[in-house]
Amino acid sequence: MSLIVQKFGGSSVADAESIKRVAKRIVETRKAGNDVVVAVSAMGDTTDELIDLAHEVTPIPDPREMDMLLTTGERISMALLAMAIKSMGYDARSYTGSQAGMITDDRHGSARIVDVTPGRVREALDAGAIAIVAGFQGFNRDSKDITTLGRGGSDTTAVALAAALGADVCEIYTDVDGVFTADPRVVPKAHKIDRVTSEEMLELAAAGAKVLYIRAVEYARRHGVTLHVRSSFNNNEGTWVLPLDERVDEKKEGDRVEEPIITGVAGDLNEAKVTVVGVPDVPGKAAEIFTIVAKTGANIDMIVQNVSAAATGLTDISFTLPKGDGEKVMTALTAEKETGGFESLQYDDQIGKLAVVGAGMRTSAGVSAQLFTALSDAGINIEMISTSEIRISVVTRADQLQHAMRVVHEAFGLDAEEIAIVHGGTGR
Ligand code: ADP
Ligand code: ASP
Ligand code: MG
């Protein structure tokens with residue numbers, strides 16, 4: 001008997017009909033003789049709608065109350081799903097995050113899991129029931145408050161349950177057939193990837209491929225959880241996200257003859273660029289600036305420092321960060337302008353970030369040249385560049401990003417013959 005954790009995203013449980021369809025699928029897995037634990041997201045765009053509602057009440061909602069509000073979404077779907085399963089003659093029990101033992105730190109809105117104590121989930125399984133756990137939510141022991149794990153956090157709930165329960169596989173059900181070479185809503189000729197290493201998946205998720213939440217991929221890699229991303233709308237095999245060595249082993253056996261240089265292309269419109277203008281080009285200045293930024297808790301990504309102008313000895317430093325962190329970072333830097341000794345600050349939230357990812361890049365020359373040529377042929381200007389061993393990222397104008405993703409996808413020979421199918425969801 002296997003233990004399978006199944007996660008159903010919002011687009012898979014958008015209405016009563018979908019909930020019944022998903023219930024049927026869960027029951028089939030149980031009927032096949034498996035123990036089943038389910039993590040479920042809020043219905044459709046519920047979380048976005050609740051966020052909009054909060055902002056209609058106040059421009060800056062209190063973080064604790066925001067978590068109280070948002071966790072109601074998953075409470076609705078978990079109860080409805082359990083009811084649907086019961087009506088089909090199978091035992092099912094729903095649990096909130098805290099009932100399921102998802103213990104987190106106290107960072108409202110982006111809490112991290114510190115412990116998982118799924119005693120009640122185990123009891124349910126031992127009693128032959130299907131356990132349904134509300135995704136995206138946890139509980140802090142010190143404050144005794146409810147927390148949320150960050151947008152897309154139901155993926156993390158599923159992976160954490162799979163790790164704690166020693167599940168055989170963690171299946172992530174969504175509205176596309178798996179992980180594609182690019183977001184199929186943006187690049188219609190994207191195609192499904194059969195296997196991807198967790199290392200590549202981490203880079204894709206970090207670069208904006210929201211099909212999997214980055215923290216869930218990290219958690220899965222750390223705990224050796226195998227992920228299978230697939231559609232809840234059909235029975236097709238999806239994408240296996242494997243720990244790196246497994247794919248290497250397979251390659252030895254000759255299953256995988258050639259590793260593609262580029263596995264996928266991702267895009268992100270949620271970043272902004274800050275430029276610190278007129279920074280004295282002397283030791284310690286970058287440290288000073290980034291210490292101020294670090295104190296705000298903002299997650300910065302790309303950093304570029306220009307060569308200083310010989311006449312002035314001044315340089316510019318630009319970096320990117322999530323738009324949501326823009327205001328606090330600009331406020332902190334503005335307050336330190338005098339002591340920091342720089343001339344001025346610029347804020348630009350009309351940028352797009354494009355990344356190409358592929359493990360084969362390590363051993364392949366000329367990938368940057370190919371990328372820059374494709375962008376240049378399309379008349380797209382590159383504003384910033386950064387690289388890792390298996391990724392190249394560039395910043396473009398926001399309104400050029402989607403076009404850039406399509407031309408780059410084609411230039412690296414990733415285009416499929418057919419148009420990709422998106423089964424549901426609004427892409428919000
Ligand atoms: P769920 O509600 O199931 O959590 P999400 O909306 O979070 O679903 O994630 C699925 C969506 O991710 C897809 O509909 C697709 O538009 C988007 N996406 C972005 N990049 C990719 C990619 N590389 N492969 C597949 N889907 C992607
Ligand atoms: N409902 C939450 C969100 O929309 C969590 C999730 O769906 O993973 O972000
Ligand atoms: Mg998601």
# chains A, B, ... in the order shown; residues from 1 in each chain; ligands from 1
call {"tool": "select_by_dssp", "arguments": {"residues": "stretch 77-150 of chain A", "states": "strand (DSSP E or B)", "output": "VMD selection string"}}
result
chain A and resid 92 to 95 102 to 104 113 to 116 130 to 134 137 to 139 146 to 148
call {"tool": "residues_around", "arguments": {"residues": "A:Ser393", "least_positions_apart": "5", "cutoff": "6 Å", "atoms": "only C-alpha atoms", "output": "ChimeraX atom specification"}}
result
/A:354-355,385-386
call {"tool": "residues_near_ligand", "arguments": {"ligand": "ligand 3", "cutoff": "10 Å", "atoms": "only C-alpha atoms and all ligand atoms", "output": "list in words"}}
result
Lys7, Phe8, Gly9, Gly10, Ser11, Ser41, Arg151, Gly152, Gly153, Ser154, Asp155, Thr156, Ile172, Tyr173, Thr174, Asp175, Ala209, Lys210, Val211, Leu212, Tyr213 and Gly427 of chain A
call {"tool": "select_by_dssp", "arguments": {"residues": "stretch 292-382 of chain A", "states": "helix (DSSP H, G or I)", "output": "MDAnalysis selection string"}}
result
chainID A and resid 292:295 323:335 337:340 359:363 367:377
call {"tool": "residues_around", "arguments": {"residues": "A:His228", "least_positions_apart": "2", "cutoff": "6 Å", "atoms": "only C-alpha atoms", "output": "list in words"}}
result
Glu171, Thr239 and Trp240 of chain A
call {"tool": "write_last_selection", "arguments": {"atoms": "N, CA, C and O atoms", "output": "PDB file, in the first residue's frame"}}
result
ATOM      1  N   GLU A 171       1.831  14.521  -5.422  1.00  0.00           N
ATOM      2  CA  GLU A 171       1.286  14.903  -6.723  1.00  0.00           C
ATOM      3  C   GLU A 171       0.693  16.307  -6.647  1.00  0.00           C
ATOM      4  O   GLU A 171      -0.152  16.573  -5.792  1.00  0.00           O
ATOM      5  N   THR A 239       4.883  16.081 -15.144  1.00  0.00           N
ATOM      6  CA  THR A 239       6.326  16.309 -15.055  1.00  0.00           C
ATOM      7  C   THR A 239       6.839  15.803 -13.718  1.00  0.00           C
ATOM      8  O   THR A 239       6.277  16.131 -12.674  1.00  0.00           O
ATOM      9  N   TRP A 240       7.904  15.016 -13.775  1.00  0.00           N
ATOM     10  CA  TRP A 240       8.541  14.542 -12.542  1.00  0.00           C
ATOM     11  C   TRP A 240       9.665  15.500 -12.177  1.00  0.00           C
ATOM     12  O   TRP A 240      10.528  15.781 -12.999  1.00  0.00           O
TER      13      TRP A 240
END
call {"tool": "closest_residue", "arguments": {"among": "A:Ile317, A:Val187, A:Ala92, A:Leu70", "to": "A:Glu418", "atoms": "only C-alpha atoms"}}
result
A:Val187
call {"tool": "atom_distance", "arguments": {"atom1": "atom CA of A:Thr47", "atom2": "atom CA of A:Ile60"}}
result
16.5 Å
call {"tool": "closest_residue", "arguments": {"among": "A:Thr426, A:Glu410, A:Ile351, A:Ala378", "to": "A:Arg397", "atoms": "only C-alpha atoms"}}
result
A:Ile351
call {"tool": "closest_residue", "arguments": {"among": "A:Ile289, A:Val229, A:Ala54, A:Ile380", "to": "A:Thr396", "atoms": "only C-alpha atoms"}}
result
A:Ile380
call {"tool": "closest_residue", "arguments": {"among": "A:Val282, A:Thr363, A:Val13, A:Met1", "to": "A:Ala32", "atoms": "only C-alpha atoms"}}
result
A:Met1
call {"tool": "closest_residue", "arguments": {"among": "A:Ala167, A:Ala39, A:Leu3, A:Ile292", "to": "ligand 2", "atoms": "only C-alpha atoms and all ligand atoms"}}
result
A:Ala39
call {"tool": "residues_around", "arguments": {"residues": "A:Pro184", "least_positions_apart": "5", "cutoff": "9 Å", "atoms": "only C-alpha atoms", "output": "list in words"}}
result
Val176, Lys189, Ala190, His191, Ile419, Ala420, Ile421 and Val422 of chain A
call {"tool": "write_last_selection", "arguments": {"atoms": "all heavy atoms", "output": "PDB file, in the first residue's frame"}}
result
ATOM      1  N   VAL A 176      -2.676  22.862 -15.920  1.00  0.00           N
ATOM      2  CA  VAL A 176      -1.900  22.543 -17.125  1.00  0.00           C
ATOM      3  C   VAL A 176      -1.317  21.140 -16.936  1.00  0.00           C
ATOM      4  O   VAL A 176      -1.324  20.622 -15.822  1.00  0.00           O
ATOM      5  CB  VAL A 176      -0.765  23.574 -17.374  1.00  0.00           C
ATOM      6  CG1 VAL A 176      -1.327  24.885 -17.882  1.00  0.00           C
ATOM      7  CG2 VAL A 176       0.060  23.807 -16.114  1.00  0.00           C
ATOM      8  N   LYS A 189       3.391  28.017 -27.868  1.00  0.00           N
ATOM      9  CA  LYS A 189       4.097  26.848 -28.413  1.00  0.00           C
ATOM     10  C   LYS A 189       5.001  26.167 -27.390  1.00  0.00           C
ATOM     11  O   LYS A 189       5.857  25.363 -27.745  1.00  0.00           O
ATOM     12  CB  LYS A 189       4.889  27.251 -29.647  1.00  0.00           C
ATOM     13  CG  LYS A 189       3.968  27.513 -30.842  1.00  0.00           C
ATOM     14  CD  LYS A 189       4.743  27.602 -32.115  1.00  0.00           C
ATOM     15  CE  LYS A 189       3.789  27.554 -33.288  1.00  0.00           C
ATOM     16  NZ  LYS A 189       4.508  27.857 -34.540  1.00  0.00           N
ATOM     17  N   ALA A 190       4.809  26.488 -26.123  1.00  0.00           N
ATOM     18  CA  ALA A 190       5.579  25.812 -25.071  1.00  0.00           C
ATOM     19  C   ALA A 190       5.168  24.340 -25.037  1.00  0.00           C
ATOM     20  O   ALA A 190       4.050  24.000 -25.402  1.00  0.00           O
ATOM     21  CB  ALA A 190       5.288  26.462 -23.728  1.00  0.00           C
ATOM     22  N   HIS A 191       6.067  23.472 -24.621  1.00  0.00           N
ATOM     23  CA  HIS A 191       5.688  22.063 -24.491  1.00  0.00           C
ATOM     24  C   HIS A 191       6.044  21.518 -23.120  1.00  0.00           C
ATOM     25  O   HIS A 191       6.906  22.050 -22.423  1.00  0.00           O
ATOM     26  CB  HIS A 191       6.310  21.208 -25.601  1.00  0.00           C
ATOM     27  CG  HIS A 191       7.807  21.150 -25.547  1.00  0.00           C
ATOM     28  ND1 HIS A 191       8.617  22.050 -26.195  1.00  0.00           N
ATOM     29  CD2 HIS A 191       8.643  20.292 -24.895  1.00  0.00           C
ATOM     30  CE1 HIS A 191       9.882  21.755 -25.963  1.00  0.00           C
ATOM     31  NE2 HIS A 191       9.927  20.701 -25.179  1.00  0.00           N
ATOM     32  N   ILE A 419      -0.183  23.880 -30.280  1.00  0.00           N
ATOM     33  CA  ILE A 419      -0.450  24.901 -29.273  1.00  0.00           C
ATOM     34  C   ILE A 419      -0.766  24.212 -27.941  1.00  0.00           C
ATOM     35  O   ILE A 419      -1.546  23.264 -27.903  1.00  0.00           O
ATOM     36  CB  ILE A 419      -1.671  25.766 -29.718  1.00  0.00           C
ATOM     37  CG1 ILE A 419      -1.394  26.414 -31.079  1.00  0.00           C
ATOM     38  CG2 ILE A 419      -2.063  26.787 -28.673  1.00  0.00           C
ATOM     39  CD1 ILE A 419      -0.303  27.450 -31.089  1.00  0.00           C
ATOM     40  N   ALA A 420      -0.168  24.686 -26.859  1.00  0.00           N
ATOM     41  CA  ALA A 420      -0.377  24.072 -25.538  1.00  0.00           C
ATOM     42  C   ALA A 420      -1.803  24.304 -25.050  1.00  0.00           C
ATOM     43  O   ALA A 420      -2.419  25.318 -25.366  1.00  0.00           O
ATOM     44  CB  ALA A 420       0.615  24.662 -24.539  1.00  0.00           C
ATOM     45  N   ILE A 421      -2.302  23.329 -24.277  1.00  0.00           N
ATOM     46  CA  ILE A 421      -3.672  23.454 -23.755  1.00  0.00           C
ATOM     47  C   ILE A 421      -3.622  23.884 -22.284  1.00  0.00           C
ATOM     48  O   ILE A 421      -2.906  23.305 -21.472  1.00  0.00           O
ATOM     49  CB  ILE A 421      -4.417  22.105 -23.853  1.00  0.00           C
ATOM     50  CG1 ILE A 421      -4.552  21.715 -25.331  1.00  0.00           C
ATOM     51  CG2 ILE A 421      -5.788  22.183 -23.190  1.00  0.00           C
ATOM     52  CD1 ILE A 421      -5.036  20.305 -25.552  1.00  0.00           C
ATOM     53  N   VAL A 422      -4.404  24.921 -21.971  1.00  0.00           N
ATOM     54  CA  VAL A 422      -4.586  25.331 -20.572  1.00  0.00           C
ATOM     55  C   VAL A 422      -6.028  24.981 -20.239  1.00  0.00           C
ATOM     56  O   VAL A 422      -6.957  25.433 -20.891  1.00  0.00           O
ATOM     57  CB  VAL A 422      -4.325  26.845 -20.395  1.00  0.00           C
ATOM     58  CG1 VAL A 422      -4.558  27.257 -18.952  1.00  0.00           C
ATOM     59  CG2 VAL A 422      -2.903  27.200 -20.831  1.00  0.00           C
TER      60      VAL A 422
END
call {"tool": "residues_around", "arguments": {"residues": "A:Asp67", "least_positions_apart": "2", "cutoff": "8 Å", "atoms": "only C-alpha atoms", "output": "PyMOL selection string"}}
result
chain A and resi 63-65+69-71+108-109+146-148
call {"tool": "write_last_selection", "arguments": {"atoms": "C-alpha atoms", "output": "PDB file, in the first residue's frame"}}
result
ATOM      1  CA  PRO A  63      -0.832  41.352   8.886  1.00  0.00           C
ATOM      2  CA  ARG A  64      -2.359  39.197  11.636  1.00  0.00           C
ATOM      3  CA  GLU A  65      -5.900  39.968  10.534  1.00  0.00           C
ATOM      4  CA  LEU A  69      -9.002  36.537   6.525  1.00  0.00           C
ATOM      5  CA  LEU A  70      -7.033  34.639   3.875  1.00  0.00           C
ATOM      6  CA  THR A  71      -7.086  31.290   5.683  1.00  0.00           C
ATOM      7  CA  HIS A 108       2.528  36.743   8.918  1.00  0.00           C
ATOM      8  CA  GLY A 109       2.073  36.525   5.171  1.00  0.00           C
ATOM      9  CA  ILE A 146      -2.716  31.575  12.503  1.00  0.00           C
ATOM     10  CA  THR A 147      -0.152  32.252   9.759  1.00  0.00           C
ATOM     11  CA  THR A 148       0.048  31.903   5.974  1.00  0.00           C
TER      12      THR A 148
END
call {"tool": "closest_residue", "arguments": {"among": "A:Asp35, A:Val159, A:Phe180, A:Val293", "to": "A:Ala124", "atoms": "only C-alpha atoms"}}
result
A:Asp35
call {"tool": "residues_around", "arguments": {"residues": "A:Ile193", "least_positions_apart": "6", "cutoff": "10 Å", "atoms": "only C-alpha atoms", "output": "ChimeraX atom specification"}}
result
/A:177-182,238-241,263-264
call {"tool": "atom_distance", "arguments": {"atom1": "atom CA of A:Ala365", "atom2": "atom CA of A:Asp301"}}
result
24.5 Å
